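*Asks:* Once you've had a glance at the structure underneath, I'll fire off some questions.
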Amino acid sequence: MEGRFARATTPQRGPLIEFYYSWKQFARRTVMKSILAADIGGTNSRFAHFQIERNGALVLKNTKWLPTTEANSFAQLLEQLRAGDFTLSTDQADIAVIAVAGPVEQRSYCAPPYIAWDIDLRREQSENLPKETCLINDFVAQAYACRSPVGLAARTVLSGKPDFEGVIGVLGAGTALGKATLVPVPDNGFLALPSEGGHAYFPFVSQQEFAFQKFYRDKSGQNHITGNLVVSGRGLRYLHWYLTGNDFEPQQITALFAEEKASETLAWAAKFYGRICRDYALEVLALGGLHRRRSGRQKSRYPHP
């Protein structure tokens with residue numbers, strides 16, 4: 001766990017809490033200000049332009065998707081954003097929050113495990129990013145979104161009675177398996193804590209599953225079969241390959257799901273996702289509930305448990 005987040009759970013304010021309070025102060029004195037929000041994923045990067053209206057309302061003005069793999073650096077990704085039809089230039093934003101799929105150091109640096117380049121805001125500050133720019137883990141952003149109007153309106157999969165003083169577990173599958181927790185902080189709302197739990201070993205439990213694990217190792221050359229490798233797009237590829245003998249891309253497999261085909265693959269994938277959800281709820285004692293966050297476009301989403 002990143003040290004700054006661990007320290008932030010003590011009575012003193014950690015850096016992320018300080019950023020939150022500086023943001024609240026910024027919002028109070030703001031009239032018609034612009035916010036750049038970004039989610040830098042292993043497959044796609046999503047950008048959003050928000051505006052604070054005079055009445056304090058937060059309004060989404062525009063969004064833009066860019067393929068992460070088509071940029072050879074974060075600087076080039078920003079250049080592609082500026083060259084497109086996005087309505088907010090990076091040098092016109094008053095504040096920016098950039099979420100990235102990987103562990104973040106000092107709110108300014110990340111070397112994402114599934115992206116070929118790193119992000120260093122100290123180095124990239126020359127790329128016309130606003131002075132008030134913060135880099136956070138992508139599932140820290142997902143965790144905070146659980147308390148947004150969109151998160152509160154999420155569809156219930158398994159009903160229960162949440163403890164509003166309890167921890168909320170957050171996870172979601174896409175290019176990899178993301179995890180985080182949302183911890184209540186008395187008189188200060190919630191604090192999101194990141195996790196790299198997707199790199200932990202996946203819990204196979206039967207001879208047939210052990211055979212799939214061996215198949216995965218043999219075909220991929222990976223010795224350590226983790227949650228990232230199983231409950232993800234690439235995991236779907238190897239699972240379908242093992243069950244059917246057909247090596248398809250994840251998008252092809254999810255298209256088969258939509259046609260009500262590949263039912264055995266779907267059943268296995270849902271079983272694996274459900275197991276990850278069960279284990280994570282126990283690991284963090286998610287008395288406040290467990291939120292499954294969607295990741296990526298519909299055509300490449302991992303199936304629901």
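Lettering and numbering for the structure tokens are positional, with chains as A, B, ... in the shown order, residues counted from 1 in each chain, and ligands counted from 1 in the shown order.
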Please identify all polymer residues within 12 Å of Leu135 (chain A), counting only C-alpha atoms, omitting same-chain residues fewer than 6 positions from it, and present them as a PyMOL selection string.
*Replies:* chain A and resi 15-16+19+36-40+95-111+118-122+124+129+141
*Asks:* Tell me, which residues of region 77-283 of chain A carry DSSP helix (DSSP H, G or I), written as a PyMOL selection string?
*Replies:* chain A and resi 77-83+121-127+138-145+149-152+197-199+207-220+227-230+233-244+250-258+263-283
*Asks:* Which one is closest to Phe139 (chain A): A:Arg293, A:Lys271, A:Lys261, A:Arg237? Count only C-alpha atoms.
*Replies:* A:Arg293
*Asks:* I want to know what sits within 7 Å of Thr265 (chain A), based on only C-alpha atoms, with residues of the same chain fewer than 6 positions away left out; could you give that as a PyMOL selection string?
*Replies:* chain A and resi 239-240+243
*Asks:* Among region 56-280 of chain A, which residues carry a DSSP assignment of strand (DSSP E or B), reported as an NGL selection string?
*Replies:* :A and (58-67 or 95-100 or 104-105 or 109-110 or 119-120 or 133-137 or 168-173 or 177-184 or 190-195 or 201 or 226)
*Asks:* Using only C-alpha atoms, which residue out of A:Pro130, A:Gly84, A:Gly151, A:Pro162 lies closest to Phe47 (chain A)?
*Replies:* A:Gly84
*Asks:* Do you have the CA of Gln76 (chain A)-CA of Asp91 (chain A) distance handy?
*Replies:*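 One can read the CA of Gln76 (chain A) to CA of Asp91 (chain A) distance as 15.1 Å.
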*Asks:* Taking into account only C-alpha atoms, which residue in the set A:Gln207, A:Thr175, A:Val284, A:Gln80 is nearest to Leu236 (chain A)?
*Replies:* A:Thr175
*Asks:* In Å, how far is it from CA of Leu266 (chain A) to CA of Ala211 (chain A)?
*Replies:*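 Here the two named atoms are 17.9 Å from each other.
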*Asks:* For region 95-133 of chain A versus region 49-73 of chain A, which residues have an atom no more than 8 Å away, and what is each residue's nearest atom pair and distance in Å rounded to one decimal, using only C-alpha atoms, chain-then-number order, as CSV?
*Replies:*
```
residue,atom,partner,partner_atom,distance
A:Ile115,CA,A:Thr69,CA,7.5
A:Ala116,CA,A:Asn72,CA,7.4
A:Trp117,CA,A:Ser73,CA,5.6
A:Asp118,CA,A:Ser73,CA,7.3
```
*Asks:* Measure the distance from CA of Lys214 (chain A) to CA of Gly235 (chain A) in Å and round it to one decimal.
*Replies:*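 These two atoms are separated by 13.4 Å.
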*Asks:* Need to verify the contact set: Phe190 (chain A), 10 Å, only C-alpha atoms, exclusion of same-chain residues closer than 6 positions in sequence. Can you return it as a list in words?
*Replies:* Ile17, Ala143, Tyr144, Arg147, Glu165, Val167, Ile168, Thr181, Leu182, Val183 and Pro184 of chain A
